Structure formats: structure tokens, C-alpha cells
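To start, the structure itself, in C-alpha cells.
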Amino acid sequence: MMSDVMDIKYAVAATFSSAKEIYDAAGKVKEKGYTHWECFSPIPVHGLDGQMGYPRSKVPRFTLAGGVTGFLTGMLIVWFMNEFDYPLIVGGKPYFSPIYPFPVFYELTILFAAFGTLFGMFFLNRLPRHNHPVFEHPDFGRTGDDKYMIVIEVEDPQFDEEETSQFLTSLGGQSVQVIREPID
Amino acid sequence: MSEVKEASENEILKKIDPAPWKEVPLVLNNRSYKWVTDKICGIVESKTPTWWWWCFITALCIASFTGMGLVYLVSTGVGVWGNNNPVNWGWAIVNFVFWIGIGHAGTLISAVLCLLKQKWRTSINRASEAMTVFAVLCAGIFPLFHVGRVWFAWWLFPIPNANAIWPQFRSPLEWDVFAVSTYATVSILFWYMGMIPDMAVLRDRAKETWRKYFYGFFAMGWRNANNHWRNFEMAYLLLAGLSTPLVLSVHTIVSFDFAVANLPGWHTTIFPPYFVAGAIFSGFGMVLTLLLPVRAVFGLRDLITQKHIDNMCMITLATGSLVGYAYAMEFFIAWYGANSYEGFAFINRAFGNYWWSYWIMVSCNVICPQLFWFKKIRENTPLVWIISIFVNVGMWFERFVIANTTLSRDFLPSSWGYYSPTVVDIFTFFGTFGFFSVLFLLFLRFLPLMPMCEVKSVMPQADPHSDH
């Protein structure tokens, strides 16, 4: 028998079977005023961000920061190595110029911007995170296959197990069920 | 306001009754999402087929030739290659440019076609990106060992060493170090990031413990949440945007290895665009060479359709014609420029000591792909595969022609020479095909060879406004 202390509810989940269904349902969940909820889908459903009221992704900021860092790093290493630390005379060209090492800082700009993009995506998605209550849902694996899911968390101020479950059923959600926090 | 406009547009559409635009579906036979998942995951999850083991063992044996060649080279010295004076760059540079060029089609498919919203790219982009990564690894071997004392190759990177000397950033070879290492790194990042959602699917389906850990580790805890997708799509688009200037720059910088040198036949401004077109051409040749057998073996005809083959053939045709135009333009400028050395270099290319390699190049690169004008030929898959092999051969010879005709016949007849590869050259190059195949076979066995989420995104079910 599980004790009550161990039995922590995380959310109520309902599955949907098409992109259209979850698109329409998401709009209604948003309208109802829920704030702590999430949609799960095998594909990035076009327009679902708008339905859920998400703002534009912030990944480009990380890309820009990476790109600027790469550009400055490229300029700095060329200046430091060929002009400052060990001046090299080659073909009568200047010790430092922003022209001849163009490929160097061009490539470094792209390299650092790419790292910024990937790690920015990880950071904004709070990944890596190998444990999450939604993994406890018996049908979670299907969201990578052909099912769609709406999960409304207990944290939500409007959450009421009975009412929220009924609401999800009324939206056409199937197999509405409670997800519990994993027990160690 | 916009609603009013939309309504009036609908009225107009009703009145004029436009003919329905018949688009060829990207996934044939009205397949379901589940079918796609089962198909792609099934390739990885099923028992290892016998043919795979045979191919793998053969590939390993072929790869050992590179091993033998390199062990002999390192233990003896770089003189065991056929390089001589004046041909200081022999097969090493030819093989390097050949492999790096092959990589370019993968990035073109994954990045440039993504920006151009070419939806057909989805089913071929993962395997092409894998090809890019493995081809760049093969390419790296040659300049790495050509430096002679390979254990000092790290001096190419701006790392402090005991001599207190830094790299010389005015050299195109140093630019290459940055271009190629960035290209390899960004290609791996892009390839890996695209695989994260698919790794999560494999993780959630996994039954064996090692699979759960392996795919679970690389999936990084991906949850298919819309918030994840939102950042993922943005990051994907940005990486595509970054890879596009990158891929154009890489072969441009590779062409600088030649174009910056003051040698007739090399010192031309046409080199960067001509090299990039050639790289895409050779890369699509290799994509066809790899994917047509994969399609047949795994029964992927519904996913890699005739439309995909048509498109790939047409890109091969277009870039092959561009390359042919560049060959012609080189000759024209050599004549029009009225430089006797330049003029000689090109006459010598076509009719001199390496005339045979020039005509192999022209027939494989310019004449062969012209067959793709014909629908009948594009629909004959075995023939397309054979032509793709010719493209690969032709593009190897292109680099051979560029590097060797010029070096073997430079300004003074007293310094002319002839270059032939040694058995060590041949072993090392031959083995890279095995090395490449080993990696590609491992990829087919353990990683999802198509981006499931992207393929599903271009199916009719993905449209949130239709009743599929």
C-alpha cells in the first residue's frame, strides 16, 4: 500500500488523436485561463504556439551572443598571436589587419554561434533532464508516435481534479487520467 | 480587417473556380504516423540482418588498407607517397578535396533546402548529414598526414607550444584548419540536434536496458512538449541559417588553397563558385549512390519516392552543367586573358601529359549527367545509380586534373616532372571508402536514418486545419 505522503499528484492528462483536435483544444484551455499546462505532440504542430499564447523563442539571443563571442575571439587571437605576442612578417603584409584573417573570424563566428544555438536550446528547454513526472504516464511514449496530449498541472491555480478532468473530457480528450510524481 | 480580406478572397476563389493544384504527396500510400514510426524504428530495433554483417566485415577489411598505408607512412616518412618536386601535392590534396566536397550535399540538403522550404528534403536529410560527417572525417586524414610529422599536427591550432611560435594566419592552409574543423563540428551539432526527438522516440520504445540508456542519454530527456518544439524549431532554423554561409565558405576556402597560389590554372577568381558547385554536384552523386541501395534494402519506397530521385537527379544535372560551364569559361578566360602561361596550362590540361584524366573528367561530369534530362532515365533506378558512380569518379578526376596538370608543368620546362601515385597512396585512399562505409553501416544500424518528426510534419495529418 502506498502511503498518502508518497502519493503526490502532478497533473491531469488527456490524449487526442489528431493535430486538429489538439489545436482546437489548446485554444479552449488557454481561453479558460489555465496557466500551468503543456501540449505534447509527435511533431511541432503549426500554429500551436499561438494557440497556447507562447511568445517567440529566445534561442536567437544565445546565437547572437555566441556569434559576437566568436567574432571577437577570432580577431583577438590573430591580433595577439601575429602582432602582439610574436610579430610575424609574412609577404610584407601588416602584422594585423581585419582583412587577411577574414576566414578565421568568419568561421569562429559561425562555430560559436552554433554552439550558442544548441546550448541555448538546451538551456531554454531545461535539458538534460532525464526524470520528469510526464514520463510516468503509461501512454507517454505514444506522444512521440501518433498521439497528442494535453497535461494540466496541479500547480495551476484553477486546478481542481474533478473539474479539470471533466473539462478535458468535454474538449474531446480520451483516457483522461491523473499523473503522479515518480516514487523512488 | 484580415478576416474581411480573407472572406473577399474566398468569394473570388468561388467565382473563378481555380483548377485544383495536384501536388505529388511526399509520403506515398496514405501511410499513418504509426507506420512511419514503426518503419524507421524497426530498422534499428530488428535483429541485425546477415547482409549487414557481410557488408560490415568487408568494409572493415577495406578500411584496414588505410590503416596499413598510414602505419607504413608514419613509420617510414611522407616520402613513401608519390609526391615529388614539382608535384608536391599529389593524391593527398586530391583525396582531401574529393571527400570534403562530398560532404557538401548533406549540408545543402539539411540547411539550404530547409531555408528554401523544400519539403521533400525531410526523408533524405538525416542520411545525407551522416554522409557529410563521415566524409569530412575521411577528408581530414589526408592533410593531417601530409604535414609529415603527424604528431606535430596540433601546431596548426592556436595552442601555445614549446617553440613559442603561433600559427601564421595569412596562409590559406591555416584558413583550411579553421574552415574544416568548424565544418566538422557544426555538421555534427546540426546532425545531433535533429536526432534528439527521434532518439526520444527510440528511448520510449526501447525494451533492452542498453537501449534505454544509450538512446536515453542522447535524447537528453526530450519530452515532445510544445515548449521544447518551439525552441527546437527556432534552433533548427538558426543552425540551418548558420550552416548555409558555412558550407559556401568551406569550399571557397578550400579553393583558396589553389587560387591564392600564383600558378597558371590555379590563380583564378572563378575558383570559389566553381568549387562550391562541383562540391554540391559530387555530394549529390554520393547521396544517390548511398540512398538508392538503402531505399531498396529497407523498403523505403513510400518515403524516398520517385519525386525525391527526380529532384536529386535534377540538382545533379543543374550543378553538373554549372561545372561544365566553369570548365568552358576557364578556357575562354585563358584565351581572352592573353597570358601565355595561362593559355599553355589549359591546352596542356586537355592535350598534355595528363590528357586522359581531363577527358575522363569531362565525360563523367559534363556529358554523363545530361542523361538526367530524360524522365525515362531518371525512373530507371539502377541506371541512376550507375550514373551517380560516374559522377563520383569524374569529380575525383577533376581535383586530380586541377592539382596535377598545373604542378607538373609550371613556368620553366627545366622543372617539369611527372607524378604517379605509389602503392601507399593507393592503399590509403582505397581504405577510406571502407572507413566511410564502416561508419555509414553503424549509422544505419544504430541511429534513426530518417527524421521521423520531420517526415511526419510534411504529411497531410500534420495540418491542424484539416480533418485528417
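Labels used: A, B, ... for chains in the order of the C-alpha cells, numbers from 1 for residues in each chain, and numbers from 1 for ligands as shown.
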
Contacts of stretch 150-162 of chain A at 7 Å or less, counting only C-alpha atoms, minus same-chain residues fewer than 5 places along, as a list of chain:residue names?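 Listed by chain and then number, they are A:Lys9, A:Tyr10, A:Ala11, A:Val12, A:Ala13, A:Ala14, A:Thr15, A:Tyr34, A:Thr35, A:His36, A:Trp37, A:Glu38, A:Cys39, A:Phe40.
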
Could the residues in this selection be written to a file with C-alpha atoms, as an mmCIF file, in the first residue's frame?
```
data_model
loop_
_atom_site.group_PDB
_atom_site.id
_atom_site.type_symbol
_atom_site.label_atom_id
_atom_site.label_comp_id
_atom_site.auth_asym_id
_atom_site.auth_seq_id
_atom_site.Cartn_x
_atom_site.Cartn_y
_atom_site.Cartn_z
ATOM 1 C CA LYS A 9 -0.293 14.237 -7.858
ATOM 2 C CA TYR A 10 1.437 16.049 -10.679
ATOM 3 C CA ALA A 11 -1.223 16.711 -13.272
ATOM 4 C CA VAL A 12 -4.241 15.543 -15.227
ATOM 5 C CA ALA A 13 -3.606 14.346 -18.765
ATOM 6 C CA ALA A 14 -5.854 13.734 -21.747
ATOM 7 C CA THR A 15 -4.868 12.315 -25.107
ATOM 8 C CA TYR A 34 -5.133 27.852 -17.296
ATOM 9 C CA THR A 35 -1.503 28.840 -16.953
ATOM 10 C CA HIS A 36 0.429 25.704 -15.900
ATOM 11 C CA TRP A 37 -0.185 23.351 -18.755
ATOM 12 C CA GLU A 38 1.560 21.863 -21.739
ATOM 13 C CA CYS A 39 0.831 20.133 -25.051
ATOM 14 C CA PHE A 40 2.773 17.061 -26.197
#
```

From a backbone DSSP assignment, name each residue in chain A labelled helix (DSSP H, G or I), as a PyMOL selection string. chain A and resi 19-32+48-52+59-85+102-124+133-136+140-144+161-170

Residues near B:Gly79, cut-off 12 Å, only C-alpha atoms, skip fewer than 2 positions along chain, as JSON, numbers by chain: {"B": [72, 73, 74, 75, 76, 77, 81, 82, 83, 84, 85, 88, 89, 90, 145, 146, 147, 148, 149, 421, 422, 424, 425]}

Mind writing the picked residues with N, CA and C atoms as a PDB file, in the first residue's frame?
```pdb
ATOM      1  N   TYR B  72      52.534   2.486 -42.381  1.00  0.00           N
ATOM      2  CA  TYR B  72      53.775   2.467 -43.163  1.00  0.00           C
ATOM      3  C   TYR B  72      54.301   3.883 -43.369  1.00  0.00           C
ATOM      4  N   LEU B  73      53.374   4.808 -43.664  1.00  0.00           N
ATOM      5  CA  LEU B  73      53.772   6.198 -43.892  1.00  0.00           C
ATOM      6  C   LEU B  73      54.415   6.796 -42.649  1.00  0.00           C
ATOM      7  N   VAL B  74      53.763   6.615 -41.512  1.00  0.00           N
ATOM      8  CA  VAL B  74      54.251   7.252 -40.291  1.00  0.00           C
ATOM      9  C   VAL B  74      55.582   6.630 -39.873  1.00  0.00           C
ATOM     10  N   SER B  75      55.699   5.298 -40.043  1.00  0.00           N
ATOM     11  CA  SER B  75      56.932   4.659 -39.577  1.00  0.00           C
ATOM     12  C   SER B  75      58.089   4.899 -40.543  1.00  0.00           C
ATOM     13  N   THR B  76      57.790   5.278 -41.789  1.00  0.00           N
ATOM     14  CA  THR B  76      58.865   5.467 -42.762  1.00  0.00           C
ATOM     15  C   THR B  76      59.105   6.945 -43.070  1.00  0.00           C
ATOM     16  N   GLY B  77      58.027   7.652 -43.384  1.00  0.00           N
ATOM     17  CA  GLY B  77      58.177   9.059 -43.750  1.00  0.00           C
ATOM     18  C   GLY B  77      57.270   9.363 -44.914  1.00  0.00           C
ATOM     19  N   TRP B  81      54.914   8.391 -50.252  1.00  0.00           N
ATOM     20  CA  TRP B  81      53.881   8.796 -51.216  1.00  0.00           C
ATOM     21  C   TRP B  81      54.573   9.188 -52.506  1.00  0.00           C
ATOM     22  N   GLY B  82      53.794   9.248 -53.588  1.00  0.00           N
ATOM     23  CA  GLY B  82      54.392   9.554 -54.883  1.00  0.00           C
ATOM     24  C   GLY B  82      54.727  11.025 -55.089  1.00  0.00           C
ATOM     25  N   ASN B  83      54.461  11.857 -54.088  1.00  0.00           N
ATOM     26  CA  ASN B  83      54.725  13.293 -54.245  1.00  0.00           C
ATOM     27  C   ASN B  83      56.192  13.520 -54.597  1.00  0.00           C
ATOM     28  N   ASN B  84      56.430  14.454 -55.491  1.00  0.00           N
ATOM     29  CA  ASN B  84      57.816  14.773 -55.835  1.00  0.00           C
ATOM     30  C   ASN B  84      57.922  16.267 -56.060  1.00  0.00           C
ATOM     31  N   ASN B  85      59.053  16.711 -56.496  1.00  0.00           N
ATOM     32  CA  ASN B  85      59.220  18.090 -56.882  1.00  0.00           C
ATOM     33  C   ASN B  85      59.209  18.106 -58.402  1.00  0.00           C
ATOM     34  N   ASN B  88      54.333  18.564 -55.454  1.00  0.00           N
ATOM     35  CA  ASN B  88      54.410  18.365 -54.012  1.00  0.00           C
ATOM     36  C   ASN B  88      53.063  17.978 -53.416  1.00  0.00           C
ATOM     37  N   TRP B  89      52.038  18.234 -54.170  1.00  0.00           N
ATOM     38  CA  TRP B  89      50.700  17.845 -53.734  1.00  0.00           C
ATOM     39  C   TRP B  89      50.204  16.782 -54.689  1.00  0.00           C
ATOM     40  N   GLY B  90      50.156  15.585 -54.258  1.00  0.00           N
ATOM     41  CA  GLY B  90      49.658  14.549 -55.154  1.00  0.00           C
ATOM     42  C   GLY B  90      48.258  14.139 -54.776  1.00  0.00           C
ATOM     43  N   PHE B 145      48.044  13.822 -42.374  1.00  0.00           N
ATOM     44  CA  PHE B 145      49.252  13.022 -42.543  1.00  0.00           C
ATOM     45  C   PHE B 145      50.220  13.649 -43.535  1.00  0.00           C
ATOM     46  N   HIS B 146      49.705  14.547 -44.362  1.00  0.00           N
ATOM     47  CA  HIS B 146      50.579  15.210 -45.316  1.00  0.00           C
ATOM     48  C   HIS B 146      51.531  16.181 -44.623  1.00  0.00           C
ATOM     49  N   VAL B 147      51.226  16.601 -43.414  1.00  0.00           N
ATOM     50  CA  VAL B 147      52.147  17.523 -42.732  1.00  0.00           C
ATOM     51  C   VAL B 147      53.482  16.830 -42.442  1.00  0.00           C
ATOM     52  N   GLY B 148      53.532  15.519 -42.613  1.00  0.00           N
ATOM     53  CA  GLY B 148      54.807  14.830 -42.447  1.00  0.00           C
ATOM     54  C   GLY B 148      54.921  14.225 -41.069  1.00  0.00           C
ATOM     55  N   ARG B 149      55.206  15.056 -40.086  1.00  0.00           N
ATOM     56  CA  ARG B 149      55.297  14.519 -38.728  1.00  0.00           C
ATOM     57  C   ARG B 149      53.947  14.749 -38.047  1.00  0.00           C
ATOM     58  N   PRO B 421      51.052   7.924 -58.507  1.00  0.00           N
ATOM     59  CA  PRO B 421      50.900   7.521 -57.107  1.00  0.00           C
ATOM     60  C   PRO B 421      51.700   6.253 -56.829  1.00  0.00           C
ATOM     61  N   THR B 422      52.066   6.065 -55.566  1.00  0.00           N
ATOM     62  CA  THR B 422      52.687   4.801 -55.173  1.00  0.00           C
ATOM     63  C   THR B 422      51.609   3.891 -54.596  1.00  0.00           C
ATOM     64  N   VAL B 424      51.340   3.016 -51.649  1.00  0.00           N
ATOM     65  CA  VAL B 424      50.911   3.551 -50.353  1.00  0.00           C
ATOM     66  C   VAL B 424      49.797   4.578 -50.551  1.00  0.00           C
ATOM     67  N   ASP B 425      49.938   5.423 -51.577  1.00  0.00           N
ATOM     68  CA  ASP B 425      48.862   6.364 -51.917  1.00  0.00           C
ATOM     69  C   ASP B 425      47.561   5.611 -52.179  1.00  0.00           C
TER      70      ASP B 425
END
```

Enumerate as an NGL selection string the residues belonging to chain B that approach chain A to within 6 Å, with only C-alpha atoms taken into account. :B and (33-34 or 166 or 169-170 or 175 or 179 or 182 or 201 or 204 or 220-221 or 224-226 or 228-229 or 231 or 235 or 453 or 457 or 462 or 464-465)

Output for the residues just chosen: C-alpha atoms as a PDB file, in the first residue's frame:
```pdb
ATOM      1  CA  TYR B  33       2.189   8.172 -38.387  1.00  0.00           C
ATOM      2  CA  LYS B  34       2.407   4.814 -36.713  1.00  0.00           C
ATOM      3  CA  TRP B 166      51.967  30.873 -33.320  1.00  0.00           C
ATOM      4  CA  PHE B 169      47.033  33.398 -40.227  1.00  0.00           C
ATOM      5  CA  ARG B 170      47.771  34.708 -43.722  1.00  0.00           C
ATOM      6  CA  TRP B 175      42.261  29.069 -43.043  1.00  0.00           C
ATOM      7  CA  ALA B 179      37.087  26.092 -42.067  1.00  0.00           C
ATOM      8  CA  THR B 182      34.316  24.329 -37.920  1.00  0.00           C
ATOM      9  CA  VAL B 201      11.089   8.020 -29.644  1.00  0.00           C
ATOM     10  CA  ASP B 204      10.407   5.366 -25.208  1.00  0.00           C
ATOM     11  CA  MET B 220      18.736  14.355 -23.077  1.00  0.00           C
ATOM     12  CA  GLY B 221      15.290  13.909 -21.565  1.00  0.00           C
ATOM     13  CA  ASN B 224       7.863  16.205 -27.117  1.00  0.00           C
ATOM     14  CA  ALA B 225       6.426  19.190 -25.235  1.00  0.00           C
ATOM     15  CA  ASN B 226       5.315  22.105 -27.335  1.00  0.00           C
ATOM     16  CA  HIS B 228      10.519  22.058 -26.439  1.00  0.00           C
ATOM     17  CA  TRP B 229       9.409  22.030 -30.058  1.00  0.00           C
ATOM     18  CA  ASN B 231      12.819  26.288 -29.080  1.00  0.00           C
ATOM     19  CA  ALA B 235      17.330  26.466 -33.069  1.00  0.00           C
ATOM     20  CA  CYS B 453       9.279  14.119 -36.733  1.00  0.00           C
ATOM     21  CA  SER B 457       5.452  17.197 -40.375  1.00  0.00           C
ATOM     22  CA  ALA B 462       0.234  17.470 -39.655  1.00  0.00           C
ATOM     23  CA  PRO B 464      -4.092  21.440 -37.756  1.00  0.00           C
ATOM     24  CA  HIS B 465      -6.782  22.877 -40.017  1.00  0.00           C
TER      25      HIS B 465
END
```

List the spatial neighbours of B:Leu292 as number ranges by chain - criterion: any atom at most 9 Å away, only C-alpha atoms, same-chain residues fewer than 6 positions off excluded. B: 304, 309, 381-382, 384-385

Residues near B:Leu116, anyone? I mean within 12 Å using only C-alpha atoms, not counting same-chain ones fewer than 4 positions away, as a list in words.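 After dropping sequence-adjacent residues, the list is Leu108, Ile109, Ser110, Ala111, Val112, Trp120, Arg121, Leu237, Ala240, Gly241 and Thr244 of chain B.
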
Keeping all heavy atoms, export the residues of the selection given above as a compact mmCIF listing (two decimals), in the first residue's frame.
```
# COMPACT_ATOMS: atom_id res chain seq x y z
N LEU B 108 23.85 20.97 -47.87
CA LEU B 108 22.92 21.65 -48.77
C LEU B 108 21.51 21.16 -48.52
O LEU B 108 20.57 21.95 -48.41
CB LEU B 108 23.31 21.39 -50.23
CG LEU B 108 22.40 22.17 -51.18
CD1 LEU B 108 23.05 23.46 -51.59
CD2 LEU B 108 22.00 21.36 -52.38
N ILE B 109 21.35 19.84 -48.38
CA ILE B 109 20.01 19.28 -48.18
C ILE B 109 19.47 19.71 -46.83
O ILE B 109 18.32 20.13 -46.70
CB ILE B 109 20.06 17.74 -48.30
CG1 ILE B 109 20.37 17.34 -49.73
CG2 ILE B 109 18.75 17.12 -47.84
CD1 ILE B 109 20.68 15.88 -49.91
N SER B 110 20.30 19.63 -45.79
CA SER B 110 19.78 19.90 -44.46
C SER B 110 19.61 21.39 -44.20
O SER B 110 18.69 21.79 -43.49
CB SER B 110 20.67 19.27 -43.39
OG SER B 110 21.97 19.78 -43.49
N ALA B 111 20.46 22.22 -44.77
CA ALA B 111 20.40 23.64 -44.43
C ALA B 111 19.79 24.49 -45.53
O ALA B 111 18.77 25.15 -45.33
CB ALA B 111 21.81 24.15 -44.10
N VAL B 112 20.39 24.45 -46.72
CA VAL B 112 19.93 25.35 -47.78
C VAL B 112 18.50 25.00 -48.19
O VAL B 112 17.64 25.87 -48.29
CB VAL B 112 20.89 25.30 -48.99
CG1 VAL B 112 20.43 26.27 -50.06
CG2 VAL B 112 22.30 25.64 -48.57
N TRP B 120 10.56 18.23 -49.61
CA TRP B 120 10.98 16.87 -49.97
C TRP B 120 12.29 16.48 -49.31
O TRP B 120 12.64 15.31 -49.29
CB TRP B 120 11.09 16.73 -51.49
CG TRP B 120 12.07 17.66 -52.12
CD1 TRP B 120 11.84 18.95 -52.48
CD2 TRP B 120 13.43 17.40 -52.46
NE1 TRP B 120 12.97 19.51 -53.02
CE2 TRP B 120 13.96 18.57 -53.02
CE3 TRP B 120 14.26 16.29 -52.35
CZ2 TRP B 120 15.28 18.67 -53.46
CZ3 TRP B 120 15.57 16.38 -52.79
CH2 TRP B 120 16.07 17.56 -53.33
N ARG B 121 13.01 17.46 -48.76
CA ARG B 121 14.30 17.14 -48.17
C ARG B 121 14.19 16.28 -46.93
O ARG B 121 15.13 15.62 -46.53
CB ARG B 121 15.03 18.43 -47.79
CG ARG B 121 14.30 19.20 -46.72
CD ARG B 121 15.00 20.45 -46.33
NE ARG B 121 15.90 20.27 -45.22
CZ ARG B 121 15.53 20.08 -43.96
NH1 ARG B 121 14.26 20.02 -43.65
NH2 ARG B 121 16.41 19.93 -43.02
N LEU B 237 16.19 26.19 -37.28
CA LEU B 237 16.21 27.19 -38.34
C LEU B 237 17.49 28.01 -38.29
O LEU B 237 18.12 28.31 -39.30
CB LEU B 237 14.99 28.10 -38.18
CG LEU B 237 14.71 29.06 -39.32
CD1 LEU B 237 14.32 28.29 -40.57
CD2 LEU B 237 13.59 30.02 -38.93
N ALA B 240 20.36 26.01 -39.53
CA ALA B 240 20.29 25.97 -41.00
C ALA B 240 20.84 27.29 -41.56
O ALA B 240 21.60 27.29 -42.52
CB ALA B 240 18.86 25.74 -41.46
N GLY B 241 20.45 28.39 -40.92
CA GLY B 241 20.92 29.70 -41.36
C GLY B 241 22.42 29.86 -41.19
O GLY B 241 23.07 30.55 -41.96
N THR B 244 24.40 27.47 -43.85
CA THR B 244 24.40 27.87 -45.26
C THR B 244 25.63 28.71 -45.61
O THR B 244 26.38 28.34 -46.51
CB THR B 244 23.08 28.59 -45.59
OG1 THR B 244 22.02 27.69 -45.31
CG2 THR B 244 23.02 29.02 -47.03
```

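Closest to B:Ala105 among B:Leu173, B:Val136, B:Val80, B:Ala279 is B:Ala279, based on only C-alpha atoms.
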
Take atom CA of B:Asn404 and atom CA of B:Ala259 and report the distance between them in Å, one decimal. 14.4 Å

Would you mind telling me which residue in B:Ser414, B:Ser64, B:Ser282, B:Leu407 lies nearest to B:Val438 when using only C-alpha atoms?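 Among the listed residues, B:Ser64 lies closest to B:Val438.
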
For B:Thr185, work out the shell of residues within 9 Å, counting only C-alpha atoms and skipping chain neighbours fewer than 4 positions away, then give it as a list in words.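 Returned residues: Leu111 of chain A; Val133, Val180, Ser181, Leu189 and Phe190 of chain B.
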
Selection file, C-alpha atoms, as a short mmCIF file (atom, residue, chain, number, x, y, z; two decimals), in the first residue's frame:
```
data_model
loop_
_atom_site.label_atom_id
_atom_site.label_comp_id
_atom_site.auth_asym_id
_atom_site.auth_seq_id
_atom_site.Cartn_x
_atom_site.Cartn_y
_atom_site.Cartn_z
CA LEU A 111 31.26 27.97 -34.75
CA VAL B 133 30.10 13.99 -41.12
CA VAL B 180 37.25 22.31 -41.98
CA SER B 181 37.25 21.92 -38.20
CA LEU B 189 25.96 19.59 -33.90
CA PHE B 190 23.28 20.01 -36.55
#
```
